[in-house]
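To start, the structure under review is shown below, and the notes come after it.
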Amino acid sequence: MVGGRLASPLRVDAQTYELSGTGLETVVLLHGEFSHPSAWQRTLDALTPKYRVLTYQRSLEDTLEVQISDLLGLLDHLELEAVHLIAHSASGVLSYSFAGQHPTRVLSLCLVGSFTRLDAPLELKLRSIN
């Protein structure tokens with residue numbers, strides 16, 4: 001397992017990540033708005049025999065554009081050219097938008113209990129809760 005903190009100049013320098021498994025392809029597990037990467041533990045255990053699996057603590061306070069940049073920076077830092085994205089809840093917006101902006105970096109996209117965009121009232125409500 002590889003893990004650590006990202007070094008500058010990446011904007012995600014305060015976020016931690018873990019890369020587990022030994023497969024040729026990488027799966028990125030994106031946690032939901034009110035969750036944590038540890039919520040994926042059972043899924044991670046099931047995937048690591050065949051895949052490398054990346055989890056990280058995504059920022060819940062930043063704009064969608066910043067979160068897309070964070071994900072791209074992390075993939076670049078780890079030299080991951082293309083990955084499978086599995087997203088839960090509000091991470092569906094992030095993964096769907098990331099795939100639209102960087103289609104060559106996404107091998108597949110799986111949304112779990114999710115949606116693909118935030119309308120303005122929902123985005124404001126989520127921001128007010130945080």
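Ordered as shown in the structure tokens, chains take letters A, B, and onward, while each chain numbers its residues from 1 and ligands are numbered from 1 in the order shown.
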
With a distance cut-off of 7 Å and only C-alpha atoms, select the neighbouring residues of range 22-27 of chain A, excluding the residue or stretch itself and same-chain residues fewer than 5 positions from it, and output the selection as number ranges by chain. A: 48, 50-54, 83-85

Non-local contacts of Ile68 in chain A (9 Å; only C-alpha atoms; under 4 positions in same chain excluded) as a list in words: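 Near Ile68 in chain A, the qualifying residues are Thr63, Leu64, Leu72, Gly73, Leu94, Ser95, Ser97, Phe98 and Gln101 of chain A.
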
Can you pull out the residues contacting range 30-43 of chain A? Cut-off 6 Å, using only C-alpha atoms, and skip same-chain residues under 3 positions away; I want them as a PyMOL selection string. chain A and resi 46+55+87-91

Save the residues we just selected, N, CA, C and O atoms, as a PDB file, in the first residue's frame?
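result.pdb, written as the output of this step:
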```pdb
ATOM      1  N   ALA A  46     -12.690  -5.906  -1.724  1.00  0.00           N
ATOM      2  CA  ALA A  46     -13.131  -6.752  -2.837  1.00  0.00           C
ATOM      3  C   ALA A  46     -12.356  -6.461  -4.128  1.00  0.00           C
ATOM      4  O   ALA A  46     -12.140  -7.361  -4.944  1.00  0.00           O
ATOM      5  N   THR A  55      -7.971   5.821  -2.946  1.00  0.00           N
ATOM      6  CA  THR A  55      -8.937   6.592  -2.173  1.00  0.00           C
ATOM      7  C   THR A  55      -8.224   7.833  -1.668  1.00  0.00           C
ATOM      8  O   THR A  55      -7.010   7.831  -1.461  1.00  0.00           O
ATOM      9  N   ALA A  87     -18.175   6.550  -7.891  1.00  0.00           N
ATOM     10  CA  ALA A  87     -18.544   7.701  -7.072  1.00  0.00           C
ATOM     11  C   ALA A  87     -19.835   7.446  -6.318  1.00  0.00           C
ATOM     12  O   ALA A  87     -20.791   6.904  -6.868  1.00  0.00           O
ATOM     13  N   HIS A  88     -19.851   7.862  -5.067  1.00  0.00           N
ATOM     14  CA  HIS A  88     -21.040   7.753  -4.234  1.00  0.00           C
ATOM     15  C   HIS A  88     -21.618   9.133  -3.957  1.00  0.00           C
ATOM     16  O   HIS A  88     -20.882  10.100  -3.751  1.00  0.00           O
ATOM     17  N   SER A  89     -22.922   9.226  -3.985  1.00  0.00           N
ATOM     18  CA  SER A  89     -23.643  10.429  -3.599  1.00  0.00           C
ATOM     19  C   SER A  89     -23.174  11.638  -4.412  1.00  0.00           C
ATOM     20  O   SER A  89     -23.089  11.572  -5.637  1.00  0.00           O
ATOM     21  N   ALA A  90     -22.846  12.737  -3.734  1.00  0.00           N
ATOM     22  CA  ALA A  90     -22.495  13.986  -4.425  1.00  0.00           C
ATOM     23  C   ALA A  90     -21.207  13.888  -5.231  1.00  0.00           C
ATOM     24  O   ALA A  90     -20.954  14.741  -6.079  1.00  0.00           O
ATOM     25  N   SER A  91     -20.405  12.854  -5.008  1.00  0.00           N
ATOM     26  CA  SER A  91     -19.204  12.679  -5.831  1.00  0.00           C
ATOM     27  C   SER A  91     -19.552  12.343  -7.275  1.00  0.00           C
ATOM     28  O   SER A  91     -18.694  12.405  -8.152  1.00  0.00           O
TER      29      SER A  91
END
```

Where in range 27-122 of chain A does DSSP assign helix (DSSP H, G or I), given as a PDB file with N, CA and C atoms, in the first residue's frame?
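Output file states.pdb follows:
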```pdb
ATOM      1  N   PRO A  37     -13.353   8.422   3.089  1.00  0.00           N
ATOM      2  CA  PRO A  37     -12.839   7.307   2.281  1.00  0.00           C
ATOM      3  C   PRO A  37     -12.990   5.940   2.953  1.00  0.00           C
ATOM      4  N   SER A  38     -12.989   5.895   4.270  1.00  0.00           N
ATOM      5  CA  SER A  38     -13.117   4.612   4.980  1.00  0.00           C
ATOM      6  C   SER A  38     -14.468   3.936   4.723  1.00  0.00           C
ATOM      7  N   ALA A  39     -15.451   4.690   4.253  1.00  0.00           N
ATOM      8  CA  ALA A  39     -16.749   4.106   3.918  1.00  0.00           C
ATOM      9  C   ALA A  39     -16.642   3.082   2.793  1.00  0.00           C
ATOM     10  N   TRP A  40     -15.564   3.141   2.033  1.00  0.00           N
ATOM     11  CA  TRP A  40     -15.346   2.236   0.909  1.00  0.00           C
ATOM     12  C   TRP A  40     -14.598   0.957   1.316  1.00  0.00           C
ATOM     13  N   GLN A  41     -14.344   0.717   2.596  1.00  0.00           N
ATOM     14  CA  GLN A  41     -13.453  -0.374   2.998  1.00  0.00           C
ATOM     15  C   GLN A  41     -13.846  -1.735   2.426  1.00  0.00           C
ATOM     16  N   ARG A  42     -15.112  -2.099   2.484  1.00  0.00           N
ATOM     17  CA  ARG A  42     -15.532  -3.409   1.964  1.00  0.00           C
ATOM     18  C   ARG A  42     -15.346  -3.485   0.445  1.00  0.00           C
ATOM     19  N   THR A  43     -15.634  -2.404  -0.240  1.00  0.00           N
ATOM     20  CA  THR A  43     -15.422  -2.350  -1.688  1.00  0.00           C
ATOM     21  C   THR A  43     -13.939  -2.424  -2.009  1.00  0.00           C
ATOM     22  N   LEU A  44     -13.140  -1.697  -1.260  1.00  0.00           N
ATOM     23  CA  LEU A  44     -11.689  -1.715  -1.436  1.00  0.00           C
ATOM     24  C   LEU A  44     -11.154  -3.132  -1.261  1.00  0.00           C
ATOM     25  N   ASP A  45     -11.600  -3.819  -0.214  1.00  0.00           N
ATOM     26  CA  ASP A  45     -11.158  -5.197   0.036  1.00  0.00           C
ATOM     27  C   ASP A  45     -11.522  -6.126  -1.122  1.00  0.00           C
ATOM     28  N   ALA A  46     -12.690  -5.906  -1.724  1.00  0.00           N
ATOM     29  CA  ALA A  46     -13.131  -6.752  -2.837  1.00  0.00           C
ATOM     30  C   ALA A  46     -12.356  -6.461  -4.128  1.00  0.00           C
ATOM     31  N   LEU A  47     -11.931  -5.214  -4.315  1.00  0.00           N
ATOM     32  CA  LEU A  47     -11.278  -4.825  -5.570  1.00  0.00           C
ATOM     33  C   LEU A  47      -9.763  -5.026  -5.581  1.00  0.00           C
ATOM     34  N   LEU A  64     -16.681  22.914  -7.435  1.00  0.00           N
ATOM     35  CA  LEU A  64     -16.544  21.765  -8.321  1.00  0.00           C
ATOM     36  C   LEU A  64     -15.279  21.882  -9.169  1.00  0.00           C
ATOM     37  N   GLU A  65     -14.990  23.064  -9.672  1.00  0.00           N
ATOM     38  CA  GLU A  65     -13.814  23.272 -10.515  1.00  0.00           C
ATOM     39  C   GLU A  65     -12.529  22.951  -9.757  1.00  0.00           C
ATOM     40  N   VAL A  66     -12.463  23.353  -8.495  1.00  0.00           N
ATOM     41  CA  VAL A  66     -11.281  23.067  -7.677  1.00  0.00           C
ATOM     42  C   VAL A  66     -11.176  21.566  -7.408  1.00  0.00           C
ATOM     43  N   GLN A  67     -12.302  20.907  -7.141  1.00  0.00           N
ATOM     44  CA  GLN A  67     -12.270  19.470  -6.895  1.00  0.00           C
ATOM     45  C   GLN A  67     -11.836  18.705  -8.138  1.00  0.00           C
ATOM     46  N   ILE A  68     -12.254  19.160  -9.318  1.00  0.00           N
ATOM     47  CA  ILE A  68     -11.803  18.537 -10.568  1.00  0.00           C
ATOM     48  C   ILE A  68     -10.297  18.716 -10.712  1.00  0.00           C
ATOM     49  N   SER A  69      -9.817  19.902 -10.426  1.00  0.00           N
ATOM     50  CA  SER A  69      -8.376  20.177 -10.487  1.00  0.00           C
ATOM     51  C   SER A  69      -7.609  19.326  -9.483  1.00  0.00           C
ATOM     52  N   ASP A  70      -8.163  19.137  -8.280  1.00  0.00           N
ATOM     53  CA  ASP A  70      -7.529  18.296  -7.269  1.00  0.00           C
ATOM     54  C   ASP A  70      -7.381  16.859  -7.769  1.00  0.00           C
ATOM     55  N   LEU A  71      -8.466  16.325  -8.331  1.00  0.00           N
ATOM     56  CA  LEU A  71      -8.434  14.951  -8.826  1.00  0.00           C
ATOM     57  C   LEU A  71      -7.424  14.814  -9.959  1.00  0.00           C
ATOM     58  N   LEU A  72      -7.425  15.744 -10.886  1.00  0.00           N
ATOM     59  CA  LEU A  72      -6.467  15.707 -11.986  1.00  0.00           C
ATOM     60  C   LEU A  72      -5.037  15.791 -11.451  1.00  0.00           C
ATOM     61  N   GLY A  73      -4.794  16.680 -10.494  1.00  0.00           N
ATOM     62  CA  GLY A  73      -3.468  16.810  -9.906  1.00  0.00           C
ATOM     63  C   GLY A  73      -3.008  15.546  -9.214  1.00  0.00           C
ATOM     64  N   LEU A  74      -3.927  14.873  -8.521  1.00  0.00           N
ATOM     65  CA  LEU A  74      -3.585  13.625  -7.850  1.00  0.00           C
ATOM     66  C   LEU A  74      -3.248  12.538  -8.861  1.00  0.00           C
ATOM     67  N   LEU A  75      -4.050  12.410  -9.917  1.00  0.00           N
ATOM     68  CA  LEU A  75      -3.758  11.420 -10.953  1.00  0.00           C
ATOM     69  C   LEU A  75      -2.411  11.698 -11.612  1.00  0.00           C
ATOM     70  N   ASP A  76      -2.144  12.965 -11.893  1.00  0.00           N
ATOM     71  CA  ASP A  76      -0.851  13.330 -12.484  1.00  0.00           C
ATOM     72  C   ASP A  76       0.292  13.016 -11.533  1.00  0.00           C
ATOM     73  N   HIS A  77       0.134  13.360 -10.259  1.00  0.00           N
ATOM     74  CA  HIS A  77       1.169  13.114  -9.254  1.00  0.00           C
ATOM     75  C   HIS A  77       1.512  11.628  -9.169  1.00  0.00           C
ATOM     76  N   SER A  91     -20.405  12.854  -5.008  1.00  0.00           N
ATOM     77  CA  SER A  91     -19.204  12.679  -5.831  1.00  0.00           C
ATOM     78  C   SER A  91     -19.552  12.343  -7.275  1.00  0.00           C
ATOM     79  N   GLY A  92     -20.801  11.979  -7.505  1.00  0.00           N
ATOM     80  CA  GLY A  92     -21.239  11.727  -8.876  1.00  0.00           C
ATOM     81  C   GLY A  92     -21.077  12.963  -9.738  1.00  0.00           C
ATOM     82  N   VAL A  93     -21.364  14.121  -9.179  1.00  0.00           N
ATOM     83  CA  VAL A  93     -21.207  15.379  -9.913  1.00  0.00           C
ATOM     84  C   VAL A  93     -19.737  15.574 -10.276  1.00  0.00           C
ATOM     85  N   LEU A  94     -18.852  15.342  -9.308  1.00  0.00           N
ATOM     86  CA  LEU A  94     -17.419  15.474  -9.548  1.00  0.00           C
ATOM     87  C   LEU A  94     -16.954  14.509 -10.626  1.00  0.00           C
ATOM     88  N   SER A  95     -17.281  13.236 -10.490  1.00  0.00           N
ATOM     89  CA  SER A  95     -16.784  12.242 -11.436  1.00  0.00           C
ATOM     90  C   SER A  95     -17.365  12.440 -12.840  1.00  0.00           C
ATOM     91  N   TYR A  96     -18.656  12.756 -12.917  1.00  0.00           N
ATOM     92  CA  TYR A  96     -19.300  12.992 -14.207  1.00  0.00           C
ATOM     93  C   TYR A  96     -18.694  14.211 -14.899  1.00  0.00           C
ATOM     94  N   SER A  97     -18.474  15.266 -14.141  1.00  0.00           N
ATOM     95  CA  SER A  97     -17.868  16.482 -14.698  1.00  0.00           C
ATOM     96  C   SER A  97     -16.412  16.239 -15.087  1.00  0.00           C
ATOM     97  N   PHE A  98     -15.687  15.498 -14.257  1.00  0.00           N
ATOM     98  CA  PHE A  98     -14.299  15.169 -14.568  1.00  0.00           C
ATOM     99  C   PHE A  98     -14.223  14.372 -15.876  1.00  0.00           C
ATOM    100  N   ALA A  99     -15.096  13.386 -16.006  1.00  0.00           N
ATOM    101  CA  ALA A  99     -15.113  12.568 -17.225  1.00  0.00           C
ATOM    102  C   ALA A  99     -15.432  13.412 -18.455  1.00  0.00           C
ATOM    103  N   GLY A 100     -16.320  14.372 -18.316  1.00  0.00           N
ATOM    104  CA  GLY A 100     -16.657  15.252 -19.434  1.00  0.00           C
ATOM    105  C   GLY A 100     -15.503  16.147 -19.844  1.00  0.00           C
ATOM    106  N   GLN A 101     -14.735  16.616 -18.859  1.00  0.00           N
ATOM    107  CA  GLN A 101     -13.619  17.517 -19.149  1.00  0.00           C
ATOM    108  C   GLN A 101     -12.339  16.780 -19.524  1.00  0.00           C
ATOM    109  N   PRO A 103     -12.000  13.186 -20.842  1.00  0.00           N
ATOM    110  CA  PRO A 103     -12.501  11.865 -21.230  1.00  0.00           C
ATOM    111  C   PRO A 103     -11.416  10.814 -21.451  1.00  0.00           C
ATOM    112  N   THR A 104     -10.225  11.216 -21.832  1.00  0.00           N
ATOM    113  CA  THR A 104      -9.159  10.235 -22.047  1.00  0.00           C
ATOM    114  C   THR A 104      -8.580   9.714 -20.738  1.00  0.00           C
ATOM    115  N   ARG A 105      -8.936  10.336 -19.622  1.00  0.00           N
ATOM    116  CA  ARG A 105      -8.413   9.910 -18.319  1.00  0.00           C
ATOM    117  C   ARG A 105      -9.354   8.932 -17.613  1.00  0.00           C
ATOM    118  N   ALA A 120     -28.986  24.863  -8.611  1.00  0.00           N
ATOM    119  CA  ALA A 120     -28.596  25.961  -7.718  1.00  0.00           C
ATOM    120  C   ALA A 120     -29.183  25.827  -6.303  1.00  0.00           C
ATOM    121  N   PRO A 121     -30.480  25.526  -6.126  1.00  0.00           N
ATOM    122  CA  PRO A 121     -31.008  25.422  -4.756  1.00  0.00           C
ATOM    123  C   PRO A 121     -30.356  24.305  -3.951  1.00  0.00           C
ATOM    124  N   LEU A 122     -30.096  23.160  -4.574  1.00  0.00           N
ATOM    125  CA  LEU A 122     -29.462  22.049  -3.865  1.00  0.00           C
ATOM    126  C   LEU A 122     -28.032  22.399  -3.498  1.00  0.00           C
TER     127      LEU A 122
END
```

Measuring between only C-alpha atoms, which one of A:Ser20, A:Ser59, A:Val28, A:Ser108 shows the shortest distance to Leu80 in chain A? A:Val28

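The coordinates place CA of Arg58 in chain A at 16.9 Å from CA of Val112 in chain A.
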